[in-house]
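J.: Structure file input.csv, CSV, C-alpha atoms and all ligand atoms, is pasted below:
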```
chain,number,residue,atom,x,y,z
A,8,MET,CA,112.7,-38.1,-48.1
A,9,ILE,CA,116.5,-38.3,-48.2
A,10,ILE,CA,118.6,-40.3,-45.9
A,11,VAL,CA,122.1,-38.9,-45.4
A,12,LEU,CA,124.6,-41.6,-44.3
A,13,LYS,CA,127.5,-41.1,-42.0
A,14,ARG,CA,130.9,-40.8,-43.5
A,15,GLY,CA,132.3,-44.4,-43.8
A,16,ALA,CA,128.9,-46.1,-43.6
A,17,THR,CA,129.5,-49.7,-44.5
A,18,LYS,CA,128.1,-51.7,-47.4
A,19,GLU,CA,126.2,-53.9,-45.0
A,20,GLN,CA,124.7,-50.9,-43.2
A,21,ILE,CA,123.6,-49.5,-46.6
A,22,ASN,CA,122.0,-52.8,-47.7
A,23,HIS,CA,120.3,-53.1,-44.4
A,24,ILE,CA,118.6,-49.7,-44.9
A,25,LEU,CA,117.7,-50.5,-48.5
A,26,LYS,CA,116.0,-53.7,-47.5
A,27,LYS,CA,114.0,-51.9,-44.8
A,28,ILE,CA,112.9,-49.3,-47.4
A,29,GLU,CA,111.8,-52.0,-49.8
A,30,SER,CA,109.9,-53.8,-47.0
A,31,LEU,CA,107.9,-50.7,-46.4
A,32,GLY,CA,106.8,-50.7,-50.1
A,33,LEU,CA,109.0,-47.7,-51.0
A,34,ARG,CA,111.6,-47.3,-53.7
A,35,HIS,CA,115.1,-46.0,-53.3
A,36,MET,CA,117.8,-44.4,-55.3
A,37,VAL,CA,121.4,-44.3,-54.0
A,38,SER,CA,123.6,-41.3,-54.8
A,39,LYS,CA,127.2,-41.9,-54.0
A,40,GLY,CA,128.9,-38.5,-53.7
A,41,VAL,CA,132.6,-37.7,-53.2
A,42,GLU,CA,131.9,-36.7,-49.6
A,43,ARG,CA,129.1,-39.1,-48.6
A,44,THR,CA,126.3,-41.3,-49.7
A,45,ILE,CA,122.7,-40.3,-49.8
A,46,ILE,CA,119.6,-42.5,-50.3
A,47,GLY,CA,116.5,-41.0,-51.9
A,48,VAL,CA,113.3,-42.6,-50.8
A,49,ILE,CA,110.3,-42.4,-53.2
A,50,GLY,CA,106.7,-43.4,-52.7
A,51,GLU,CA,104.2,-42.8,-49.9
A,52,GLU,CA,106.8,-41.5,-47.4
A,53,ASP,CA,104.4,-40.9,-44.6
A,54,ILE,CA,105.1,-44.4,-43.3
A,55,LEU,CA,108.6,-43.2,-42.4
A,56,ARG,CA,107.0,-41.2,-39.6
A,57,VAL,CA,106.1,-44.3,-37.8
A,58,GLN,CA,109.1,-46.3,-38.9
A,59,PRO,CA,111.9,-43.7,-38.2
A,60,LEU,CA,115.1,-44.6,-40.1
A,61,GLU,CA,117.3,-42.3,-38.0
A,62,VAL,CA,117.9,-45.2,-35.5
A,63,TYR,CA,119.5,-47.4,-38.2
A,64,PRO,CA,123.3,-47.8,-38.0
A,65,GLY,CA,125.1,-45.7,-40.5
A,66,VAL,CA,122.4,-43.1,-40.7
A,67,GLU,CA,123.3,-39.5,-39.9
A,68,LYS,CA,120.0,-37.8,-40.6
A,69,VAL,CA,116.7,-38.2,-42.4
A,70,MET,CA,115.4,-35.0,-44.2
A,71,PRO,CA,112.3,-34.3,-46.2
A,72,VAL,CA,112.8,-33.0,-49.7
A,73,LEU,CA,110.7,-29.9,-49.7
A,74,ALA,CA,110.4,-29.5,-53.5
A,75,PRO,CA,107.8,-31.7,-55.3
A,76,TYR,CA,110.6,-33.1,-57.4
A,77,LYS,CA,113.0,-35.4,-55.5
A,78,LEU,CA,115.5,-37.3,-57.6
A,79,VAL,CA,116.0,-34.3,-59.8
A,80,SER,CA,116.8,-32.0,-56.9
A,81,ARG,CA,120.1,-30.7,-55.8
A,82,GLU,CA,119.1,-31.7,-52.3
A,83,PHE,CA,119.1,-35.3,-53.4
A,84,LYS,CA,122.4,-35.1,-55.3
A,85,GLN,CA,124.9,-32.3,-54.7
A,86,GLU,CA,127.4,-33.1,-57.4
A,87,ASP,CA,126.6,-32.1,-61.0
A,88,SER,CA,125.4,-35.0,-63.1
A,89,VAL,CA,127.6,-35.5,-66.1
A,90,ILE,CA,126.0,-37.4,-69.0
A,91,ASP,CA,128.6,-39.4,-70.9
A,92,ILE,CA,127.8,-40.1,-74.5
A,93,LYS,CA,130.7,-42.3,-75.7
A,94,GLY,CA,133.2,-39.8,-74.3
A,95,ILE,CA,131.2,-36.6,-75.0
A,96,LYS,CA,130.4,-35.3,-71.6
A,97,ILE,CA,127.4,-33.1,-71.1
A,98,GLY,CA,127.5,-31.2,-67.8
A,99,GLY,CA,131.3,-31.1,-67.4
A,100,LYS,CA,133.8,-28.3,-68.1
A,101,LYS,CA,133.5,-28.5,-71.9
A,102,ILE,CA,130.5,-26.9,-73.5
A,103,VAL,CA,128.8,-29.4,-75.9
A,104,VAL,CA,127.4,-28.1,-79.2
A,105,ILE,CA,124.7,-30.1,-80.9
A,106,ALA,CA,124.0,-28.8,-84.5
A,107,GLY,CA,122.3,-29.8,-87.7
A,108,PRO,CA,119.1,-29.2,-89.6
A,109,CYS,CA,115.7,-29.0,-88.1
A,110,ALA,CA,114.5,-32.0,-90.0
A,111,VAL,CA,116.3,-34.8,-91.8
A,112,GLU,CA,115.5,-34.2,-95.5
A,113,GLU,CA,117.9,-35.8,-98.1
A,114,LYS,CA,120.7,-38.2,-97.2
A,115,GLU,CA,123.5,-36.4,-99.1
A,116,LEU,CA,122.3,-33.0,-97.8
A,117,LEU,CA,122.4,-34.3,-94.2
A,118,ILE,CA,125.8,-35.8,-94.6
A,119,SER,CA,127.2,-32.5,-96.1
A,120,ILE,CA,125.7,-30.5,-93.2
A,121,ALA,CA,127.1,-33.0,-90.7
A,122,LYS,CA,130.6,-32.7,-92.1
A,123,LYS,CA,130.4,-28.9,-91.9
A,124,VAL,CA,129.1,-28.7,-88.3
A,125,LYS,CA,131.7,-31.2,-87.3
A,126,ALA,CA,134.5,-29.2,-88.9
A,127,ALA,CA,133.3,-26.2,-86.9
A,128,GLY,CA,133.5,-28.0,-83.6
A,129,ALA,CA,130.0,-29.6,-83.0
A,130,THR,CA,130.2,-33.1,-81.6
A,131,ILE,CA,126.6,-34.2,-81.9
A,132,LEU,CA,124.3,-34.0,-85.0
A,133,ARG,CA,120.7,-33.0,-84.6
A,134,GLY,CA,117.9,-33.8,-87.1
A,135,GLY,CA,114.3,-34.7,-86.7
A,136,ALA,CA,112.9,-37.8,-88.4
A,137,PHE,CA,109.6,-37.4,-86.6
A,138,LYS,CA,108.6,-33.8,-86.6
A,139,PRO,CA,106.0,-32.2,-84.4
A,140,ARG,CA,104.4,-29.6,-86.7
A,141,THR,CA,101.7,-27.1,-85.9
A,142,SER,CA,100.0,-27.8,-89.2
A,143,PRO,CA,99.1,-31.3,-90.3
A,144,TYR,CA,99.8,-30.1,-93.9
A,145,SER,CA,103.5,-29.3,-93.1
A,146,PHE,CA,106.3,-31.8,-93.7
A,147,GLN,CA,106.0,-34.4,-91.0
A,148,GLY,CA,109.5,-36.0,-91.2
A,149,LEU,CA,110.8,-39.0,-93.0
A,150,GLY,CA,110.3,-41.5,-90.1
A,151,LYS,CA,112.4,-44.6,-90.3
A,152,GLU,CA,114.1,-43.5,-93.6
A,153,GLY,CA,115.2,-40.4,-91.8
A,154,LEU,CA,116.7,-42.5,-89.0
A,155,GLU,CA,118.6,-44.4,-91.6
A,156,TYR,CA,120.1,-41.2,-93.0
A,157,LEU,CA,121.1,-40.2,-89.5
A,158,LYS,CA,122.9,-43.5,-89.2
A,159,ALA,CA,124.7,-42.9,-92.5
A,160,ALA,CA,125.8,-39.4,-91.3
A,161,LYS,CA,127.1,-40.9,-88.1
A,162,GLU,CA,129.0,-43.6,-89.9
A,163,GLU,CA,130.5,-41.0,-92.3
A,164,THR,CA,131.4,-38.4,-89.6
A,165,GLY,CA,131.6,-40.1,-86.2
A,166,LEU,CA,129.2,-37.5,-84.8
A,167,ALA,CA,126.7,-38.8,-82.1
A,168,ILE,CA,123.0,-38.4,-83.0
A,169,LEU,CA,120.2,-36.5,-81.3
A,170,THR,CA,116.7,-37.1,-82.7
A,171,GLU,CA,113.2,-36.7,-81.4
A,172,VAL,CA,110.6,-39.3,-80.5
A,173,MET,CA,106.9,-38.3,-80.4
A,174,ASP,CA,105.1,-41.5,-79.8
A,175,THR,CA,105.5,-44.3,-77.3
A,176,ARG,CA,105.2,-46.8,-80.1
A,177,ASP,CA,108.4,-45.5,-81.7
A,178,VAL,CA,110.6,-45.3,-78.6
A,179,GLU,CA,112.3,-48.7,-79.3
A,180,LEU,CA,113.0,-47.8,-82.9
A,181,VAL,CA,114.3,-44.3,-82.2
A,182,ALA,CA,116.5,-45.7,-79.3
A,183,GLU,CA,118.2,-48.0,-81.8
A,184,TYR,CA,119.5,-45.1,-83.8
A,185,ALA,CA,119.8,-42.2,-81.4
A,186,ASP,CA,122.6,-41.6,-79.0
A,187,ILE,CA,120.3,-39.0,-77.3
A,188,ILE,CA,116.6,-39.2,-77.5
A,189,GLN,CA,114.8,-35.8,-77.7
A,190,ILE,CA,111.5,-35.2,-76.0
A,191,GLY,CA,110.2,-32.0,-77.7
A,192,ALA,CA,108.6,-29.1,-76.1
A,193,ARG,CA,105.1,-30.2,-77.1
A,194,ASN,CA,105.5,-33.5,-75.4
A,195,MET,CA,107.1,-32.3,-72.2
A,196,GLN,CA,104.0,-33.4,-70.3
A,197,ASN,CA,103.2,-36.5,-72.3
A,198,PHE,CA,103.6,-38.6,-69.2
A,199,ASN,CA,103.3,-42.0,-70.9
A,200,LEU,CA,106.1,-41.0,-73.3
A,201,LEU,CA,108.2,-39.8,-70.4
A,202,LYS,CA,107.7,-43.2,-68.6
A,203,GLU,CA,108.6,-45.0,-71.8
A,204,VAL,CA,111.9,-43.2,-72.4
A,205,GLY,CA,112.5,-43.7,-68.6
A,206,LYS,CA,112.7,-47.4,-69.3
A,207,CYS,CA,115.3,-47.2,-72.0
A,208,GLN,CA,119.0,-47.1,-71.7
A,209,LYS,CA,119.6,-43.9,-73.7
A,210,PRO,CA,120.2,-40.4,-72.5
A,211,VAL,CA,117.2,-38.1,-72.9
A,212,LEU,CA,117.1,-34.4,-73.9
A,213,LEU,CA,114.0,-33.0,-72.3
A,214,LYS,CA,112.9,-29.7,-73.8
A,215,ARG,CA,110.9,-27.2,-71.7
A,216,GLY,CA,107.3,-26.9,-72.7
A,217,LEU,CA,106.0,-23.8,-74.5
A,218,ALA,CA,104.2,-22.6,-71.4
A,219,ALA,CA,105.8,-24.7,-68.7
A,220,THR,CA,107.2,-23.5,-65.4
A,221,LEU,CA,110.6,-24.7,-64.3
A,222,THR,CA,108.9,-26.8,-61.6
A,223,GLU,CA,106.8,-28.5,-64.3
A,224,LEU,CA,110.0,-29.1,-66.3
A,225,PHE,CA,111.6,-30.7,-63.2
A,226,MET,CA,108.5,-32.8,-62.5
A,227,SER,CA,108.7,-34.1,-66.1
A,228,ALA,CA,112.3,-35.0,-65.6
A,229,GLU,CA,111.3,-36.7,-62.4
A,230,TYR,CA,109.0,-39.0,-64.4
A,231,ILE,CA,112.1,-40.1,-66.4
A,232,LEU,CA,114.4,-40.6,-63.4
A,233,SER,CA,111.8,-42.4,-61.3
A,234,SER,CA,111.2,-44.8,-64.2
A,235,GLY,CA,114.9,-45.8,-64.0
A,236,ASN,CA,116.7,-43.5,-66.4
A,237,GLU,CA,119.0,-41.0,-64.7
A,238,GLU,CA,120.6,-39.6,-67.8
A,239,VAL,CA,118.5,-36.5,-68.5
A,240,ILE,CA,119.6,-33.3,-70.0
A,241,LEU,CA,117.3,-30.3,-69.7
A,242,CYS,CA,116.8,-27.8,-72.5
A,243,GLU,CA,115.6,-24.2,-72.3
A,244,ARG,CA,114.1,-23.4,-75.7
A,245,GLY,CA,112.1,-20.3,-75.0
A,246,ILE,CA,108.6,-19.9,-73.5
A,247,ARG,CA,105.5,-18.1,-74.7
A,248,THR,CA,105.1,-14.6,-73.6
A,249,PHE,CA,103.2,-11.5,-74.9
A,250,GLU,CA,106.3,-10.6,-76.9
A,251,ASP,CA,105.7,-11.5,-80.6
A,252,ALA,CA,108.9,-10.0,-82.1
A,253,THR,CA,110.5,-13.4,-81.5
A,254,ARG,CA,109.1,-16.9,-81.8
A,255,ASN,CA,109.5,-17.4,-78.0
A,256,THR,CA,111.2,-15.6,-75.2
A,257,VAL,CA,114.4,-17.0,-73.8
A,258,ASP,CA,114.4,-17.5,-70.1
A,259,ILE,CA,118.1,-16.9,-69.3
A,260,SER,CA,117.4,-17.1,-65.6
A,261,ALA,CA,116.3,-20.7,-66.1
A,262,ILE,CA,120.0,-21.5,-66.6
A,263,GLY,CA,121.1,-20.2,-63.2
A,264,LEU,CA,118.0,-21.6,-61.5
A,265,VAL,CA,118.5,-25.1,-62.9
A,266,GLU,CA,122.1,-25.0,-61.6
A,267,GLU,CA,120.8,-24.0,-58.2
A,268,LEU,CA,117.9,-26.4,-57.9
A,269,SER,CA,119.0,-29.5,-59.8
A,270,HIS,CA,122.1,-31.6,-60.5
A,271,LEU,CA,121.0,-32.2,-64.1
A,272,PRO,CA,122.8,-30.4,-67.0
A,273,ILE,CA,121.0,-27.6,-68.9
A,274,ILE,CA,121.5,-26.7,-72.5
A,275,VAL,CA,120.0,-23.8,-74.5
A,276,ASP,CA,118.3,-24.0,-77.9
A,277,PRO,CA,118.6,-20.4,-79.3
A,278,SER,CA,117.0,-21.5,-82.6
A,279,HIS,CA,113.6,-22.4,-81.4
A,280,ALA,CA,113.9,-19.8,-78.6
A,281,THR,CA,114.1,-16.9,-81.0
A,282,GLY,CA,113.0,-18.1,-84.4
A,283,ARG,CA,115.4,-15.6,-86.0
A,284,ARG,CA,118.8,-16.3,-87.5
A,285,SER,CA,120.2,-12.9,-86.5
A,286,LEU,CA,119.6,-13.7,-82.8
A,287,ILE,CA,121.3,-17.1,-82.7
A,288,ALA,CA,124.8,-15.6,-82.0
A,289,PRO,CA,123.8,-13.2,-79.2
A,290,ILE,CA,121.6,-15.7,-77.4
A,291,SER,CA,124.2,-18.4,-77.7
A,292,LYS,CA,126.8,-16.1,-76.2
A,293,ALA,CA,124.5,-15.1,-73.4
A,294,ALA,CA,123.7,-18.8,-72.6
A,295,VAL,CA,127.4,-19.7,-72.4
A,296,ALA,CA,128.1,-16.7,-70.3
A,297,ALA,CA,125.2,-17.6,-67.9
A,298,GLY,CA,126.6,-21.1,-67.4
A,299,ALA,CA,124.8,-23.3,-69.9
A,300,ASP,CA,126.3,-26.8,-70.4
A,301,GLY,CA,125.7,-26.8,-74.1
A,302,LEU,CA,123.8,-25.4,-77.1
A,303,LEU,CA,121.4,-26.9,-79.7
A,304,ILE,CA,121.7,-25.0,-82.9
A,305,GLU,CA,119.9,-25.4,-86.3
A,306,VAL,CA,122.3,-25.3,-89.2
A,307,HIS,CA,121.4,-25.7,-92.9
A,308,THR,CA,123.4,-25.3,-96.1
A,309,HIS,CA,120.3,-24.1,-98.0
A,310,PRO,CA,118.0,-22.5,-95.4
A,311,GLU,CA,115.8,-20.9,-98.0
A,312,GLU,CA,114.9,-24.4,-99.3
A,313,ALA,CA,114.7,-26.1,-95.8
A,314,LEU,CA,111.5,-28.0,-95.3
A,315,SER,CA,111.2,-26.6,-91.8
A,316,ASP,CA,112.6,-23.7,-89.7
A,317,GLY,CA,114.8,-22.2,-92.5
A,318,ALA,CA,114.4,-18.7,-91.1
A,319,GLN,CA,116.2,-19.6,-87.9
A,320,SER,CA,118.9,-21.9,-89.4
A,321,LEU,CA,122.4,-20.6,-89.5
A,322,LEU,CA,124.6,-21.1,-92.6
A,323,PRO,CA,127.6,-23.2,-91.9
A,324,LYS,CA,130.0,-20.3,-92.3
A,325,ASP,CA,128.1,-18.3,-89.7
A,326,PHE,CA,128.0,-21.3,-87.4
A,327,GLU,CA,131.8,-21.6,-87.8
A,328,ARG,CA,132.3,-17.9,-86.9
A,329,LEU,CA,130.0,-18.3,-83.9
A,330,MET,CA,131.9,-21.3,-82.6
A,331,LYS,CA,135.1,-19.3,-82.6
A,332,GLU,CA,133.5,-16.4,-80.8
A,333,LEU,CA,132.0,-18.8,-78.2
A,334,GLY,CA,135.4,-20.1,-77.5
A,335,ARG,CA,136.4,-16.8,-76.0
A,336,ILE,CA,133.3,-16.5,-73.9
A,337,ALA,CA,133.7,-20.1,-72.6
A,338,GLU,CA,137.2,-19.3,-71.6
A,339,ALA,CA,136.1,-16.2,-69.8
A,340,VAL,CA,133.8,-18.3,-67.6
A,341,GLY,CA,136.3,-21.0,-67.0
A,342,ARG,CA,135.1,-23.5,-69.6
A,343,SER,CA,136.0,-24.6,-73.0
A,344,ILE,CA,134.1,-25.4,-76.2
A,401,LIG,C1,113.2,-29.4,-82.4
A,401,LIG,O1,114.2,-29.2,-81.7
A,401,LIG,O2,113.2,-30.1,-83.5
A,401,LIG,C2,111.8,-28.9,-82.0
A,401,LIG,C3,110.7,-29.2,-82.6
A,401,LIG,O3,111.9,-28.1,-80.9
A,401,LIG,P1,110.8,-27.7,-79.8
A,401,LIG,O4,110.3,-29.0,-79.4
A,401,LIG,O5,111.6,-27.0,-78.8
A,401,LIG,O6,109.8,-26.8,-80.4
A,402,MN,MN,113.2,-26.8,-85.8
```
For this file, produce the structure as structure tokens.
T.:
Amino acid sequence: MIIVLKRGATKEQINHILKKIESLGLRHMVSKGVERTIIGVIGEEDILRVQPLEVYPGVEKVMPVLAPYKLVSREFKQEDSVIDIKGIKIGGKKIVVIAGPCAVEEKELLISIAKKVKAAGATILRGGAFKPRTSPYSFQGLGKEGLEYLKAAKEETGLAILTEVMDTRDVELVAEYADIIQIGARNMQNFNLLKEVGKCQKPVLLKRGLAATLTELFMSAEYILSSGNEEVILCERGIRTFEDATRNTVDISAIGLVEELSHLPIIVDPSHATGRRSLIAPISKAAVAAGADGLLIEVHTHPEEALSDGAQSLLPKDFERLMKELGRIAEAVGRSI
């Protein structure tokens, strides 16, 4: 349920309404827009049918949110959410590019990749220290040591850090190092993990599951928001279809639909979406043209020796060229990179 307040509703009126909501055993989330304030009510809302809030001073109207996701919905919050990572704003006019290797491997190698992606215009470094691998025999990541290397790369370059957490037991540790915590596609519906990152104070990048609908993606984001963390960035990283020429199939329409249905920013990962180096540039361009707020791109100086996802990693020089080309597309759609 959302409660739309009258223009100029006073603080006292708002507090009065919030107290009433609490007394009914429901939770609330206040969204202060430029135009007016909206209160989202979460919980067993049926009680509001017998306790109509319309009669409260300051209330203009009470409306049900028809979608199963509430806090995530555009109905609940009309203005775009902009996630601010120490001055890097995801969801604003500037398109944010996150780049780096699939996995953190060696310290010096990571630092050299970080320097190169930064020089080309990336503002956030990616790199997995905990890797979700299909095979238990594949490289599983360096764990805490990898997080230390990310910290060293951050100190050396000033880039913010994005890294994945796979286990509720590691959330606290990963949150110490990461500026953005990634929930990978395979964990999109790991509800305990979602609740755990919902309790921490770090922005979360939530990747769409391999076979998840957009509604399911929104419901997963709802877990994080309803646990208290509103800083969620969605990520389209391709979904499973019958097409096997690419690793996954990019759902470009997801970009426009997220924009319509939710206030959360959406970025695109062309690397995992396609699995092919040659497709990173065209899909990145399509994503920017369609309105994505950012890109997540795998870059490696020696992709042939990479411990994971070398085939989809760009060489730094190709990344640099792509960044230049993206600048022109961003400009054409009224944005910058
Ligand atoms: C990744 O970004 O490192 C990754 C494993 O991606 P996904 O979860 O989208 O497969
Ligand atoms: Mn990868």
J.: Counting all atoms listed in the file, give me one row per residue of chain A with an atom at most 6 Å from an atom of ligand LIG 401 (chain A), showing the shortest contact pair and its distance in Å to one decimal, sorted by chain then residue number, as a Markdown table.
T.:
```
| residue | atom | partner | partner_atom | distance |
| --- | --- | --- | --- | --- |
| A:Cys109 | CA | A:LIG401 | O2 | 5.3 |
| A:Gly135 | CA | A:LIG401 | O2 | 5.7 |
| A:Pro139 | CA | A:LIG401 | C3 | 5.9 |
| A:Gly191 | CA | A:LIG401 | O4 | 3.4 |
| A:Ala192 | CA | A:LIG401 | O4 | 3.7 |
| A:Arg193 | CA | A:LIG401 | O4 | 5.8 |
| A:Lys214 | CA | A:LIG401 | O5 | 5.8 |
| A:Arg244 | CA | A:LIG401 | O5 | 5.4 |
| A:His279 | CA | A:LIG401 | O5 | 5.6 |
```
J.: Would you pick out the contacts of stretch 223-233 of chain A at 10 Å or less, using all atoms listed in the file, so that residues sharing its chain but fewer than 2 positions from it are not included, and give the list as JSON, numbers by chain?
T.: {"A": [34, 35, 36, 49, 74, 75, 76, 77, 78, 79, 80, 192, 194, 195, 196, 197, 198, 199, 200, 201, 202, 203, 204, 205, 206, 207, 211, 212, 213, 214, 215, 216, 218, 219, 220, 221, 235, 236, 237, 238, 239, 240, 241, 242, 243, 265, 268, 269, 271]}
J.: Hey, which of A:Gly134, A:Gly148, A:Gly15, A:Gly65 ends up closest to A:Ile187? Count all atoms listed in the file.
T.: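 Closest to A:Ile187, using all atoms listed in the file: A:Gly134.
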J.: With distances taken over only C-alpha atoms and all ligand atoms, which of A:Glu266, A:Glu155, A:Glu305, A:Glu52 is nearest to ligand MN 402 (chain A)?
T.: A:Glu305
J.: Please identify all polymer residues within 9 Å of stretch 156-158 of chain A, counting all atoms listed in the file, omitting same-chain residues fewer than 2 positions from it, and present them as a list in words.
T.: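 Residues near the query, excluding close chain neighbours: Val111, Glu112, Glu113, Lys114, Glu115, Leu117, Ile118, Leu132, Arg133, Gly134, Ala136, Lys151, Glu152, Gly153, Leu154, Ala160, Lys161, Glu162, Glu163, Ile168, Thr170, Tyr184 and Ala185 of chain A.
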J.: Take the residues from that selection and write them out as an mmCIF file, in the coordinates of the input, keeping C-alpha atoms.
T.:
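Wrote it out as out_23.cif, contents follow:
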```cif
data_model
loop_
_atom_site.group_PDB
_atom_site.id
_atom_site.type_symbol
_atom_site.label_atom_id
_atom_site.label_comp_id
_atom_site.auth_asym_id
_atom_site.auth_seq_id
_atom_site.Cartn_x
_atom_site.Cartn_y
_atom_site.Cartn_z
ATOM 1 C CA VAL A 111 116.300 -34.800 -91.800
ATOM 2 C CA GLU A 112 115.500 -34.200 -95.500
ATOM 3 C CA GLU A 113 117.900 -35.800 -98.100
ATOM 4 C CA LYS A 114 120.700 -38.200 -97.200
ATOM 5 C CA GLU A 115 123.500 -36.400 -99.100
ATOM 6 C CA LEU A 117 122.400 -34.300 -94.200
ATOM 7 C CA ILE A 118 125.800 -35.800 -94.600
ATOM 8 C CA LEU A 132 124.300 -34.000 -85.000
ATOM 9 C CA ARG A 133 120.700 -33.000 -84.600
ATOM 10 C CA GLY A 134 117.900 -33.800 -87.100
ATOM 11 C CA ALA A 136 112.900 -37.800 -88.400
ATOM 12 C CA LYS A 151 112.400 -44.600 -90.300
ATOM 13 C CA GLU A 152 114.100 -43.500 -93.600
ATOM 14 C CA GLY A 153 115.200 -40.400 -91.800
ATOM 15 C CA LEU A 154 116.700 -42.500 -89.000
ATOM 16 C CA ALA A 160 125.800 -39.400 -91.300
ATOM 17 C CA LYS A 161 127.100 -40.900 -88.100
ATOM 18 C CA GLU A 162 129.000 -43.600 -89.900
ATOM 19 C CA GLU A 163 130.500 -41.000 -92.300
ATOM 20 C CA ILE A 168 123.000 -38.400 -83.000
ATOM 21 C CA THR A 170 116.700 -37.100 -82.700
ATOM 22 C CA TYR A 184 119.500 -45.100 -83.800
ATOM 23 C CA ALA A 185 119.800 -42.200 -81.400
#
```
J.: I want to know what sits within 9 Å of A:Ile102, based on all atoms listed in the file, with residues of the same chain fewer than 3 positions away left out; could you give that as a PyMOL selection string?
T.: chain A and resi 96-99+295+299-302+337+342-344
J.: Would you compute the distance between atom CA of A:Gln58 and atom CA of A:Glu42? Give it in Å to one decimal.
T.: 27.0 Å
J.: For a quick check of understanding, using only C-alpha atoms, which of A:Leu286, A:Leu33, A:Ile21, A:Val124 has the smallest distance to A:Asn255?
T.: A:Leu286
